[in-house]
$ cat upload28.cif   # mmCIF, C-alpha atoms
data_my_file
#
loop_
_atom_site.label_atom_id
_atom_site.label_comp_id
_atom_site.auth_asym_id
_atom_site.auth_seq_id
_atom_site.Cartn_x
_atom_site.Cartn_y
_atom_site.Cartn_z
CA MET A 3 216.98 102.92 -167.94
CA ARG A 4 220.25 102.90 -166.14
CA THR A 5 222.38 100.00 -167.28
CA LEU A 6 223.95 98.22 -164.38
CA ALA A 7 227.49 97.04 -164.77
CA PHE A 8 227.24 94.48 -162.02
CA PRO A 9 224.79 91.61 -161.52
CA ARG A 10 221.58 92.12 -159.57
CA SER A 11 218.63 89.87 -158.94
CA GLN A 12 216.95 89.11 -162.26
CA LEU A 13 213.38 89.34 -160.98
CA PRO A 14 211.39 92.40 -162.13
CA PHE A 15 211.16 94.57 -159.05
CA TRP A 16 207.66 96.00 -158.74
CA PRO A 17 205.80 92.86 -159.85
CA THR A 18 207.74 90.93 -157.20
CA VAL A 19 206.71 93.48 -154.60
CA ALA A 20 203.07 93.17 -155.63
CA LEU A 21 203.26 89.39 -155.48
CA GLY A 22 204.84 89.60 -152.03
CA VAL A 23 202.02 91.77 -150.75
CA VAL A 24 199.41 89.35 -152.07
CA ALA A 25 201.17 86.33 -150.54
CA TRP A 26 201.43 88.13 -147.22
CA SER A 27 197.73 88.99 -147.17
CA ILE A 28 196.71 85.44 -147.94
CA ALA A 29 198.91 84.08 -145.16
CA TRP A 30 197.57 86.71 -142.76
CA PHE A 31 193.92 85.81 -143.22
CA ALA A 32 194.63 82.10 -143.28
CA ALA A 33 196.40 82.09 -139.91
CA TRP A 34 193.36 81.87 -137.66
CA PRO A 35 191.47 79.18 -139.60
CA PHE A 36 194.73 77.27 -139.94
CA SER A 37 195.35 77.30 -136.19
CA GLN A 38 191.83 76.14 -135.42
CA TRP A 39 192.07 73.38 -138.00
CA LEU A 40 195.48 72.24 -136.78
CA ALA A 41 194.56 72.02 -133.12
CA PHE A 42 191.00 70.76 -133.28
CA ASP A 43 190.68 68.88 -136.57
CA LEU A 44 194.10 67.55 -137.46
CA LEU A 45 195.27 66.83 -133.93
CA GLY A 46 191.79 66.19 -132.60
CA LEU A 47 192.27 68.14 -129.39
CA ALA A 48 189.22 69.32 -127.49
CA PRO A 49 188.39 73.03 -127.71
CA GLY A 50 188.67 74.57 -124.27
CA SER A 51 191.11 71.96 -123.04
CA SER A 52 194.50 73.15 -121.79
CA THR A 53 196.47 71.38 -124.50
CA GLY A 54 193.99 72.34 -127.21
CA GLU A 55 194.05 75.99 -126.29
CA ALA A 56 197.82 76.05 -125.95
CA VAL A 57 198.37 74.46 -129.36
CA ALA A 58 195.82 76.71 -131.06
CA PHE A 59 197.43 79.77 -129.48
CA PHE A 60 200.84 78.66 -130.71
CA ALA A 61 199.66 77.82 -134.23
CA TYR A 62 197.94 81.17 -134.55
CA ASP A 63 200.52 83.41 -132.99
CA VAL A 64 203.63 82.10 -134.77
CA PRO A 65 202.49 82.99 -138.30
CA LYS A 66 200.74 86.11 -137.05
CA VAL A 67 203.77 87.57 -135.28
CA LEU A 68 206.22 86.60 -138.02
CA LEU A 69 203.99 88.12 -140.69
CA LEU A 70 203.64 91.30 -138.66
CA LEU A 71 207.38 91.55 -138.32
CA LEU A 72 208.04 90.92 -142.00
CA GLY A 73 205.36 93.24 -143.28
CA ILE A 74 205.44 96.22 -141.05
CA VAL A 75 209.10 96.38 -140.13
CA THR A 76 209.83 96.51 -143.87
CA LEU A 77 207.35 99.34 -144.29
CA VAL A 78 208.66 101.28 -141.31
CA SER A 79 212.32 100.78 -142.27
CA PHE A 80 211.46 102.08 -145.72
CA LEU A 81 209.75 105.20 -144.37
CA ARG A 82 212.51 105.66 -141.87
CA SER A 83 215.17 105.87 -144.57
CA TYR A 84 213.82 109.35 -145.23
CA VAL A 85 214.76 110.51 -141.72
CA PRO A 86 218.46 109.78 -141.28
CA PRO A 87 220.17 110.97 -138.08
CA THR A 88 222.14 113.58 -140.00
CA ARG A 89 218.89 115.26 -140.89
CA VAL A 90 217.67 114.93 -137.30
CA ARG A 91 220.85 116.55 -136.07
CA ALA A 92 220.45 119.45 -138.47
CA ALA A 93 216.89 119.91 -137.25
CA LEU A 94 217.85 119.86 -133.57
CA ALA A 95 220.89 122.15 -133.67
CA GLY A 96 220.17 125.62 -132.42
CA ARG A 97 216.80 124.89 -130.80
CA GLY A 98 215.90 125.93 -127.27
CA VAL A 99 216.26 123.28 -124.56
CA VAL A 100 212.61 122.38 -123.98
CA PRO A 101 211.43 122.25 -127.63
CA GLY A 102 214.73 120.56 -128.45
CA THR A 103 214.13 117.83 -125.87
CA VAL A 104 210.61 117.21 -127.13
CA ALA A 105 211.80 117.15 -130.73
CA ALA A 106 214.71 114.85 -129.90
CA ALA A 107 212.45 112.38 -128.09
CA SER A 108 209.99 112.43 -131.00
CA PHE A 109 212.71 111.92 -133.59
CA GLY A 110 213.99 108.99 -131.57
CA ILE A 111 210.83 107.10 -132.46
CA VAL A 112 211.47 107.20 -136.17
CA THR A 113 215.21 106.71 -136.08
CA PRO A 114 216.85 103.32 -136.23
CA PHE A 115 219.21 102.47 -133.47
CA CYS A 116 221.99 99.97 -133.42
CA SER A 117 223.86 100.06 -130.12
CA CYS A 118 227.12 100.21 -131.99
CA SER A 119 226.00 103.57 -133.37
CA ALA A 120 225.49 105.02 -129.92
CA VAL A 121 228.91 106.61 -129.68
CA PRO A 122 229.24 108.28 -133.10
CA LEU A 123 225.69 109.52 -132.70
CA PHE A 124 226.37 110.91 -129.25
CA ILE A 125 229.52 112.71 -130.34
CA GLY A 126 228.02 113.91 -133.58
CA PHE A 127 225.14 115.53 -131.76
CA LEU A 128 227.38 117.20 -129.21
CA GLN A 129 229.63 118.45 -131.99
CA ALA A 130 226.72 120.23 -133.59
CA GLY A 131 226.15 122.07 -130.35
CA ILE A 132 223.11 120.06 -129.26
CA PRO A 133 222.86 120.19 -125.43
CA LEU A 134 223.59 117.04 -123.43
CA GLY A 135 220.03 116.71 -122.09
CA VAL A 136 218.56 116.86 -125.58
CA THR A 137 221.03 114.28 -126.85
CA LEU A 138 220.18 111.99 -123.96
CA ALA A 139 216.45 112.36 -124.64
CA PHE A 140 217.16 111.04 -128.12
CA LEU A 141 219.26 108.20 -126.75
CA ILE A 142 216.45 107.20 -124.40
CA SER A 143 213.61 107.27 -126.90
CA SER A 144 215.42 105.72 -129.83
CA PRO A 145 215.80 102.20 -128.45
CA LEU A 146 212.79 102.53 -126.16
CA VAL A 147 210.10 103.32 -128.68
CA ASN A 148 211.17 101.06 -131.49
CA GLU A 149 209.01 100.00 -134.36
CA VAL A 150 209.33 96.29 -133.62
CA ALA A 151 207.69 96.83 -130.25
CA LEU A 152 205.03 99.16 -131.64
CA VAL A 153 204.16 96.84 -134.50
CA LEU A 154 203.82 93.84 -132.25
CA LEU A 155 201.80 95.75 -129.70
CA TRP A 156 199.44 97.00 -132.39
CA GLY A 157 199.06 93.54 -133.86
CA LEU A 158 198.62 91.71 -130.59
CA PHE A 159 196.69 94.20 -128.49
CA GLY A 160 195.30 96.79 -130.82
CA PRO A 161 196.11 100.41 -131.55
CA GLN A 162 195.24 101.82 -128.13
CA VAL A 163 197.92 99.84 -126.34
CA ALA A 164 200.49 100.64 -129.01
CA LEU A 165 199.74 104.36 -128.72
CA LEU A 166 199.83 104.19 -124.93
CA TYR A 167 203.24 102.55 -125.14
CA MET A 168 204.44 105.28 -127.46
CA ALA A 169 203.09 107.98 -125.16
CA ALA A 170 204.69 106.30 -122.16
CA GLY A 171 208.03 105.98 -123.91
CA LEU A 172 207.95 109.60 -125.06
CA SER A 173 207.17 110.78 -121.54
CA VAL A 174 210.07 108.84 -120.10
CA ALA A 175 212.39 110.25 -122.77
CA ILE A 176 211.23 113.86 -122.49
CA LEU A 177 211.13 114.03 -118.71
CA GLY A 178 214.37 112.07 -118.50
CA GLY A 179 216.02 114.41 -120.98
CA LEU A 180 214.81 117.52 -119.16
CA ILE A 181 215.92 116.26 -115.76
CA LEU A 182 219.29 115.09 -117.06
CA GLY A 183 219.75 118.39 -118.86
CA ARG A 184 219.39 120.23 -115.57
CA LEU A 185 222.04 118.18 -113.77
CA PRO A 186 225.72 119.16 -113.99
CA LEU A 187 226.71 116.09 -115.95
CA GLU A 188 229.30 117.60 -118.30
CA ARG A 189 232.10 116.89 -115.86
CA PHE A 190 231.50 113.15 -116.24
CA LEU A 191 232.11 113.18 -119.95
CA GLU A 192 235.44 111.78 -121.04
CA PRO A 193 237.94 114.60 -121.73
CA TRP A 194 238.37 113.65 -125.37
CA VAL A 195 234.62 114.04 -125.89
CA LEU A 196 234.76 117.57 -124.52
CA GLU A 197 237.64 118.36 -126.86
CA VAL A 198 235.79 117.02 -129.87
CA ARG A 199 232.75 119.02 -128.87
CA ALA A 200 234.76 122.20 -128.48
CA ALA A 201 236.26 121.66 -131.92
CA GLY A 202 232.76 121.86 -133.33
CA GLY A 203 232.02 120.94 -136.88
CA GLY A 204 229.12 118.57 -137.17
CA THR A 205 228.27 119.68 -140.68
CA ASP A 206 225.57 117.82 -142.50
CA VAL A 207 226.87 115.10 -144.78
CA ALA A 208 224.39 113.79 -147.30
CA GLY A 209 226.26 110.86 -148.77
CA VAL A 210 224.65 109.14 -151.72
CA VAL A 211 220.86 109.56 -151.77
CA PRO A 212 219.16 106.23 -152.51
CA SER A 213 216.34 105.74 -155.01
CA THR A 214 212.92 104.41 -153.98
CA GLU A 215 213.74 100.95 -155.23
CA GLU A 216 217.03 100.95 -153.33
CA ARG A 217 215.27 102.09 -150.15
CA LEU A 218 212.76 99.26 -150.44
CA ARG A 219 215.45 96.69 -151.14
CA GLU A 220 217.42 97.91 -148.11
CA ALA A 221 214.32 97.86 -145.92
CA TRP A 222 213.52 94.30 -146.99
CA ALA A 223 217.14 93.18 -146.53
CA SER A 224 217.37 94.60 -143.02
CA THR A 225 213.97 93.13 -142.12
CA ARG A 226 215.13 89.73 -143.31
CA ASP A 227 218.25 90.04 -141.19
CA LEU A 228 216.22 91.09 -138.17
CA VAL A 229 213.72 88.25 -138.53
CA ARG A 230 216.51 85.78 -139.12
CA LYS A 231 218.13 86.85 -135.85
CA VAL A 232 214.95 87.09 -133.87
CA TRP A 233 212.65 84.26 -134.96
CA PRO A 234 213.94 81.58 -132.55
CA TRP A 235 213.23 83.93 -129.67
CA VAL A 236 209.82 84.72 -131.07
CA VAL A 237 208.90 81.07 -131.39
CA LEU A 238 210.26 80.37 -127.92
CA GLY A 239 208.34 83.30 -126.50
CA ILE A 240 205.16 82.15 -128.18
CA ALA A 241 205.68 78.63 -126.84
CA VAL A 242 205.98 80.00 -123.31
CA GLY A 243 202.98 82.22 -123.96
CA ALA A 244 201.01 79.27 -125.27
CA PHE A 245 201.88 77.29 -122.17
CA ILE A 246 200.78 80.10 -119.89
CA HIS A 247 197.67 80.58 -121.95
CA GLY A 248 196.68 76.96 -121.73
CA PHE A 249 198.00 75.81 -118.41
CA ALA A 250 198.91 78.49 -115.92
CA PRO A 251 196.28 79.14 -113.30
CA THR A 252 195.00 82.70 -113.44
CA ASP A 253 195.06 83.14 -109.68
CA LEU A 254 198.78 82.47 -109.46
CA ILE A 255 199.69 85.02 -112.09
CA VAL A 256 197.43 87.69 -110.71
CA SER A 257 198.62 87.22 -107.17
CA ILE A 258 202.26 87.67 -108.16
CA GLY A 259 201.92 90.31 -110.81
CA GLY A 260 198.56 91.83 -110.12
CA ALA A 261 197.68 95.36 -109.19
CA SER A 262 197.31 94.48 -105.54
CA ASN A 263 201.00 93.61 -105.28
CA PRO A 264 202.94 96.88 -104.93
CA LEU A 265 206.21 95.17 -105.72
CA ALA A 266 205.00 93.88 -109.08
CA VAL A 267 206.23 96.84 -111.10
CA PRO A 268 209.81 96.93 -109.77
CA LEU A 269 209.94 93.16 -109.90
CA VAL A 270 209.18 92.95 -113.57
CA THR A 271 211.53 95.83 -114.32
CA ILE A 272 214.42 94.01 -112.67
CA LEU A 273 213.48 90.73 -114.38
CA ALA A 274 213.49 92.49 -117.71
CA VAL A 275 217.08 93.68 -117.69
CA PRO A 276 218.77 90.34 -118.42
CA LEU A 277 216.00 89.51 -120.81
CA TYR A 278 217.36 91.73 -123.54
CA ALA A 279 216.16 89.30 -126.13
CA GLY A 280 214.20 92.08 -127.70
CA ALA A 281 210.60 93.05 -127.86
CA ALA A 282 209.74 90.35 -130.37
CA GLY A 283 210.48 87.47 -128.05
CA VAL A 284 208.97 89.02 -124.98
CA LEU A 285 205.66 90.15 -126.39
CA PRO A 286 203.97 86.81 -126.88
CA ILE A 287 204.69 86.08 -123.21
CA VAL A 288 203.27 89.45 -122.37
CA GLU A 289 200.19 88.72 -124.42
CA ALA A 290 199.44 85.58 -122.50
CA LEU A 291 200.07 87.30 -119.17
CA LEU A 292 197.75 90.17 -120.03
CA ASP A 293 195.17 87.61 -120.99
CA LYS A 294 195.53 86.12 -117.54
CA GLY A 295 194.87 89.41 -115.85
CA LEU A 296 198.26 91.05 -115.44
CA PRO A 297 197.60 94.80 -115.32
CA LEU A 298 198.70 96.95 -118.24
CA GLY A 299 201.02 99.19 -116.26
CA THR A 300 203.09 96.26 -115.07
CA VAL A 301 203.20 94.89 -118.60
CA LEU A 302 204.33 98.20 -120.09
CA ALA A 303 207.04 98.54 -117.45
CA PHE A 304 208.29 95.09 -118.32
CA MET A 305 208.35 95.83 -122.01
CA MET A 306 210.05 99.16 -121.72
CA ALA A 307 212.64 97.73 -119.37
CA THR A 308 213.56 94.96 -121.81
CA VAL A 309 214.32 97.40 -124.57
CA ALA A 310 215.51 100.48 -122.77
CA ILE A 311 218.03 99.10 -120.33
CA SER A 312 220.47 97.37 -122.57
CA LEU A 313 223.71 96.29 -121.01
CA PRO A 314 225.58 96.22 -124.34
CA GLU A 315 224.59 99.82 -124.97
CA PHE A 316 225.78 100.92 -121.57
CA LEU A 317 229.09 99.20 -122.02
CA ILE A 318 229.53 101.04 -125.29
CA LEU A 319 228.57 104.39 -123.79
CA ARG A 320 231.30 103.83 -121.20
CA ARG A 321 233.65 105.07 -123.91
CA VAL A 322 232.25 108.56 -123.82
CA ALA A 323 231.07 108.98 -120.27
CA ARG A 324 232.31 108.00 -116.87
CA LEU A 325 230.37 105.76 -114.53
CA PRO A 326 228.53 108.50 -112.55
CA LEU A 327 226.86 109.79 -115.69
CA LEU A 328 225.88 106.30 -116.80
CA ALA A 329 224.56 105.49 -113.33
CA ILE A 330 222.49 108.68 -113.20
CA PHE A 331 221.24 108.04 -116.72
CA LEU A 332 220.20 104.51 -115.77
CA ALA A 333 218.54 105.74 -112.57
CA VAL A 334 216.52 108.35 -114.42
CA VAL A 335 215.37 105.89 -117.09
CA VAL A 336 214.43 103.25 -114.52
CA SER A 337 212.54 105.78 -112.39
CA GLY A 338 210.70 106.93 -115.47
CA ILE A 339 209.68 103.39 -116.31
CA LEU A 340 208.59 102.64 -112.75
CA THR A 341 206.56 105.85 -112.61
CA VAL A 342 204.81 105.05 -115.85
CA GLY A 343 204.10 101.53 -114.67
CA TYR A 344 202.54 102.65 -111.39
CA LEU A 345 200.69 105.50 -113.05
CA PHE A 346 199.04 103.27 -115.62
CA ASN A 347 198.03 100.80 -112.95
CA ALA A 348 196.67 103.55 -110.74
CA LEU A 349 194.67 104.98 -113.60
CA GLY A 350 193.22 101.54 -114.15
CA LEU A 351 194.22 101.48 -117.80
CA MET B 21 245.26 104.02 -155.38
CA VAL B 22 241.74 104.31 -154.02
CA THR B 23 241.26 104.43 -150.25
CA ILE B 24 238.16 102.76 -148.87
CA GLU B 25 237.40 103.34 -145.21
CA VAL B 26 234.97 101.13 -143.34
CA LEU B 27 233.75 102.97 -140.25
CA GLY B 28 232.58 100.95 -137.29
CA HIS B 29 233.49 99.12 -134.14
CA GLY B 30 233.61 95.59 -135.36
CA CYS B 31 230.09 94.42 -134.77
CA ALA B 32 228.64 91.97 -137.29
CA ASN B 33 227.31 94.75 -139.55
CA CYS B 34 230.68 96.44 -139.88
CA GLN B 35 232.37 93.13 -140.65
CA LYS B 36 229.79 92.43 -143.35
CA LEU B 37 230.43 95.84 -144.86
CA GLU B 38 234.15 95.23 -144.87
CA ALA B 39 233.61 91.88 -146.58
CA ASN B 40 231.36 93.53 -149.18
CA ALA B 41 233.95 96.25 -149.75
CA ARG B 42 236.71 93.72 -150.36
CA GLU B 43 234.48 91.76 -152.70
CA ALA B 44 233.67 94.97 -154.55
CA VAL B 45 237.35 95.73 -155.00
CA ALA B 46 237.81 92.31 -156.58
CA MET B 47 234.73 92.82 -158.77
CA ALA B 48 235.86 96.23 -159.95
CA GLY B 49 239.36 94.95 -160.56
CA ILE B 50 241.08 98.06 -159.23
CA GLU B 51 243.78 98.66 -156.69
CA ALA B 52 242.39 99.79 -153.38
CA ASP B 53 243.26 100.01 -149.71
CA VAL B 54 240.50 98.85 -147.38
CA VAL B 55 240.97 100.46 -143.97
CA LYS B 56 238.94 99.87 -140.80
CA VAL B 57 238.30 103.02 -138.77
CA THR B 58 237.25 102.22 -135.22
CA ASP B 59 238.14 105.43 -133.39
CA ASP B 60 234.94 107.21 -132.38
CA ALA B 61 236.25 110.73 -132.81
CA ALA B 62 237.51 109.86 -136.28
CA ILE B 63 234.16 108.37 -137.25
CA ALA B 64 232.22 111.40 -136.09
CA ALA B 65 234.77 113.70 -137.73
CA ARG B 66 233.88 112.21 -141.09
CA GLY B 67 230.26 113.13 -140.54
CA VAL B 68 229.03 109.58 -140.06
CA LEU B 69 226.52 109.24 -137.24
CA THR B 70 225.26 105.73 -137.76
CA THR B 71 227.72 102.94 -138.23
CA PRO B 72 228.57 101.07 -140.34
CA GLY B 73 229.81 103.76 -142.68
CA LEU B 74 231.62 103.62 -145.99
CA VAL B 75 233.96 106.34 -147.19
CA ILE B 76 235.66 106.21 -150.61
CA ASP B 77 238.55 108.63 -151.13
CA GLY B 78 237.22 110.92 -148.40
CA GLU B 79 233.64 110.99 -149.65
CA VAL B 80 230.91 109.43 -147.50
CA LYS B 81 229.02 106.95 -149.67
CA SER B 82 226.75 105.35 -147.11
CA SER B 83 226.05 105.37 -143.41
CA GLY B 84 223.80 103.22 -141.29
CA ARG B 85 223.36 100.56 -143.95
CA ILE B 86 225.29 97.81 -145.70
CA PRO B 87 225.40 98.40 -149.46
CA ALA B 88 225.78 95.29 -151.57
CA ALA B 89 229.16 94.48 -153.11
CA GLY B 90 227.69 95.27 -156.53
CA ASP B 91 226.71 98.78 -155.44
CA ILE B 92 230.13 99.48 -153.95
CA ALA B 93 231.77 98.18 -157.12
CA GLU B 94 229.70 100.66 -159.14
CA TRP B 95 230.87 103.53 -156.98
CA LEU B 96 234.44 102.36 -157.39
CA SER B 97 234.27 102.20 -161.17
CA ALA B 98 232.39 105.47 -161.48
CA GLY B 99 234.83 107.44 -159.32
#
$ encode --input "upload28.cif" --output "C-alpha cells"
Amino acid sequence: MRTLAFPRSQLPFWPTVALGVVAWSIAWFAAWPFSQWLAFDLLGLAPGSSTGEAVAFFAYDVPKVLLLLLGIVTLVSFLRSYVPPTRVRAALAGRGVVPGTVAAASFGIVTPFCSCSAVPLFIGFLQAGIPLGVTLAFLISSPLVNEVALVLLWGLFGPQVALLYMAAGLSVAILGGLILGRLPLERFLEPWVLEVRAAGGGTDVAGVVPSTEERLREAWASTRDLVRKVWPWVVLGIAVGAFIHGFAPTDLIVSIGGASNPLAVPLVTILAVPLYAGAAGVLPIVEALLDKGLPLGTVLAFMMATVAISLPEFLILRRVARLPLLAIFLAVVVSGILTVGYLFNALGL
Amino acid sequence: MVTIEVLGHGCANCQKLEANAREAVAMAGIEADVVKVTDDAAIAARGVLTTPGLVIDGEVKSSGRIPAAGDIAEWLSAG
C-alpha cells in the first residue's frame, strides 16, 4: 500500500462507491412513486388536472434528471479519462482527409470539451500536421455530441432518440469538416498560428498516468462541479416543462412549432443561440414540448443549436482565426443543423 | 527553486488550479515560483492540449483536470 504523505478523505474508497451505487438505485426507483404520492396523496391534487399533472411531472423529473446526471456523467467522465486529446491527436496525425474527418468527428464524442481549451487544442492539432478540415470536424462534434445531452436524451426519451441525436451530430460534424476542408480557409488563420504550425512539433506528452481510483475520484469531482453549476437551470427547465405539460394547450404549440410550419426549424435554431444554458436545462422543456406534439426534427435542431453555437467559444476562437473563417464555420454548422432538422421532420421520425 | 507553471486563460478552472498549486507549495514547505502561462502558443508548445495544465520544472504533470492540493504537494516533495 502506498503511504500518502498528505491527508485524503478517510472513507474507504470502494465500499463508499458501492454504497453510492446502492443509494442511487434506491432513489431512482423511488422517484415515480414519490412523485405520484406527493402530487395526489400529500397535496391532494386531482389526477388529470392541470395542476396535478404539472406538479407530478415536476416531482418526478427533478430527481430523475439529477440522478441521471450524477450517475452517468460520472461513468462517462471516468471512461473518457482513457481517451485524452493527446492520444486522439496521435491517432489522427498522418491519416488521409476523409478517414481523418470521420475519425475526428467520432473522437469528438468521447472527448471532454471546455471552451477555454479550444485554442490550445486547435493549435496542438495543427502543429501535429492534422489538416484544418479534420481539426474543425473535431471542434464541431466535441461540444455538439456531449455526454450530458446524450445521457439526458436516453433517460428522457429512450435509446433511439439518443442514438439519432448522436448520428445527427456526427453527420453535421463530418459533412461540416469535409466541406470546410475543401474551402481555402488557411488564409484566415492568424499569422502566428501559421508560424506555430510550420514550426511543427506536436509530440505526444503523457504526463502522469492516473490510477483507477484517481480516475474515479476525478470523474466524481468534475460531475459534482457540473451538477453544482447546472442544477438551478435544470430545476428551472423542469418547472417550465411542468407548466407546459400541465397547462399549455397542445394546439398552440403544434401550430407554432409543428411540422406544418416551415419556419419552425430555423426559428428554434435562432432561439437556441442565446439559450446557451446547456443541454441539461433545455431538455426538460424539450421533453414537455415533444409530449405536446412538437416534431422530433425541430426538437433535435433546437438541442443541437443550444450546444453547438456557443458565443463564448467563438469569442475564444477569434484568437486564432479571423472573422471570415469564424463566419463560414458558423454558417456551415448552422446549415448542417437546419438540414438535419428538416430531414428528420421530412422522414417523419 | 522549483518552477510551477499553471497553463490556462484565467477561467474558473485555471484559477482553482493556481489556488491548489499555491496551497500545495505551502503544504510541501518548499520554495517555488508559481507562474501563470496564458499565451496560447506557449501552452501548446508545452504539449498541453486541454487547459488547465500543470507543469513542474518543465515536466507536464496534468492537463485537462484540477489535481487536488495534496496530489500536487506529493509531486513537489517527490521531485
$ closest_residue --input "upload28.cif" --among "B:Leu37, B:Ala88, B:Leu69, B:Val75" --to "chain A" --atoms "all atoms listed in the file"
B:Leu69
$ closest_atom_pairs --input "upload28.cif" --of "chain B" --to "chain A" --cutoff "6 Å" --atoms "all atoms listed in the file" --output "tab-separated table"
residue	atom	partner	partner_atom	distance
B:Asp60	CA	A:Pro122	CA	5.8
B:Ala64	CA	A:Pro122	CA	5.2
B:Gly67	CA	A:Val207	CA	5.8
B:Leu69	CA	A:Leu123	CA	4.6
B:Thr70	CA	A:Ser119	CA	4.9
B:Thr71	CA	A:Ser119	CA	5.2
B:Val80	CA	A:Gly209	CA	5.0
B:Lys81	CA	A:Gly209	CA	4.9
B:Ser82	CA	A:Gly209	CA	5.8
B:Gly90	CA	A:Phe8	CA	5.6
$ atom_distance --input "upload28.cif" --atom1 "atom CA of Gly343 of chain A" --atom2 "atom CA of Ala169 of chain A"
12.4 Å
$ residues_around --input "upload28.cif" --residues "Leu71 of chain A" --least-positions-apart "3" --cutoff "9 Å" --atoms "only C-alpha atoms" --output "list in words"
Lys66, Val67, Leu68, Ile74, Val75, Thr76, Val150, Val153, Leu154, Thr225, Leu228, Val229 and Ala282 of chain A
$ resolve_selection --input "upload28.cif" --expression "the PyMOL selection byres ((chain B and resi 92) around 9)" --output "VMD selection string"
chain B and resid 40 to 41 43 to 45 48 81 87 to 91 93 to 97
$ residues_near_point --input "upload28.cif" --point "(219.6, 115.5, -120.8)" --cutoff "12 Å" --atoms "all atoms listed in the file" --output "PDB file with C-alpha atoms, keeping the file's coordinate frame"
ATOM      1  CA  VAL A  99     216.260 123.280-124.560  1.00  0.00           C
ATOM      2  CA  VAL A 100     212.610 122.380-123.980  1.00  0.00           C
ATOM      3  CA  GLY A 102     214.730 120.560-128.450  1.00  0.00           C
ATOM      4  CA  THR A 103     214.130 117.830-125.870  1.00  0.00           C
ATOM      5  CA  VAL A 104     210.610 117.210-127.130  1.00  0.00           C
ATOM      6  CA  ALA A 106     214.710 114.850-129.900  1.00  0.00           C
ATOM      7  CA  ALA A 107     212.450 112.380-128.090  1.00  0.00           C
ATOM      8  CA  PHE A 124     226.370 110.910-129.250  1.00  0.00           C
ATOM      9  CA  LEU A 128     227.380 117.200-129.210  1.00  0.00           C
ATOM     10  CA  ILE A 132     223.110 120.060-129.260  1.00  0.00           C
ATOM     11  CA  PRO A 133     222.860 120.190-125.430  1.00  0.00           C
ATOM     12  CA  LEU A 134     223.590 117.040-123.430  1.00  0.00           C
ATOM     13  CA  GLY A 135     220.030 116.710-122.090  1.00  0.00           C
ATOM     14  CA  VAL A 136     218.560 116.860-125.580  1.00  0.00           C
ATOM     15  CA  THR A 137     221.030 114.280-126.850  1.00  0.00           C
ATOM     16  CA  LEU A 138     220.180 111.990-123.960  1.00  0.00           C
ATOM     17  CA  ALA A 139     216.450 112.360-124.640  1.00  0.00           C
ATOM     18  CA  PHE A 140     217.160 111.040-128.120  1.00  0.00           C
ATOM     19  CA  LEU A 141     219.260 108.200-126.750  1.00  0.00           C
ATOM     20  CA  ILE A 142     216.450 107.200-124.400  1.00  0.00           C
ATOM     21  CA  SER A 143     213.610 107.270-126.900  1.00  0.00           C
ATOM     22  CA  VAL A 174     210.070 108.840-120.100  1.00  0.00           C
ATOM     23  CA  ALA A 175     212.390 110.250-122.770  1.00  0.00           C
ATOM     24  CA  ILE A 176     211.230 113.860-122.490  1.00  0.00           C
ATOM     25  CA  LEU A 177     211.130 114.030-118.710  1.00  0.00           C
ATOM     26  CA  GLY A 178     214.370 112.070-118.500  1.00  0.00           C
ATOM     27  CA  GLY A 179     216.020 114.410-120.980  1.00  0.00           C
ATOM     28  CA  LEU A 180     214.810 117.520-119.160  1.00  0.00           C
ATOM     29  CA  ILE A 181     215.920 116.260-115.760  1.00  0.00           C
ATOM     30  CA  LEU A 182     219.290 115.090-117.060  1.00  0.00           C
ATOM     31  CA  GLY A 183     219.750 118.390-118.860  1.00  0.00           C
ATOM     32  CA  ARG A 184     219.390 120.230-115.570  1.00  0.00           C
ATOM     33  CA  LEU A 185     222.040 118.180-113.770  1.00  0.00           C
ATOM     34  CA  PRO A 186     225.720 119.160-113.990  1.00  0.00           C
ATOM     35  CA  LEU A 187     226.710 116.090-115.950  1.00  0.00           C
ATOM     36  CA  GLU A 188     229.300 117.600-118.300  1.00  0.00           C
ATOM     37  CA  LEU A 327     226.860 109.790-115.690  1.00  0.00           C
ATOM     38  CA  LEU A 328     225.880 106.300-116.800  1.00  0.00           C
ATOM     39  CA  ILE A 330     222.490 108.680-113.200  1.00  0.00           C
ATOM     40  CA  PHE A 331     221.240 108.040-116.720  1.00  0.00           C
ATOM     41  CA  VAL A 334     216.520 108.350-114.420  1.00  0.00           C
ATOM     42  CA  VAL A 335     215.370 105.890-117.090  1.00  0.00           C
TER      43      VAL A 335
END
$ closest_residue --input "upload28.cif" --among "B:Val68, B:Leu74, B:Ala98, B:Ile86" --to "Val54 of chain B" --atoms "all atoms listed in the file"
B:Leu74
$ atom_distance --input "upload28.cif" --atom1 "atom CA of Pro234 of chain A" --atom2 "atom CA of Leu70 of chain A"
15.4 Å
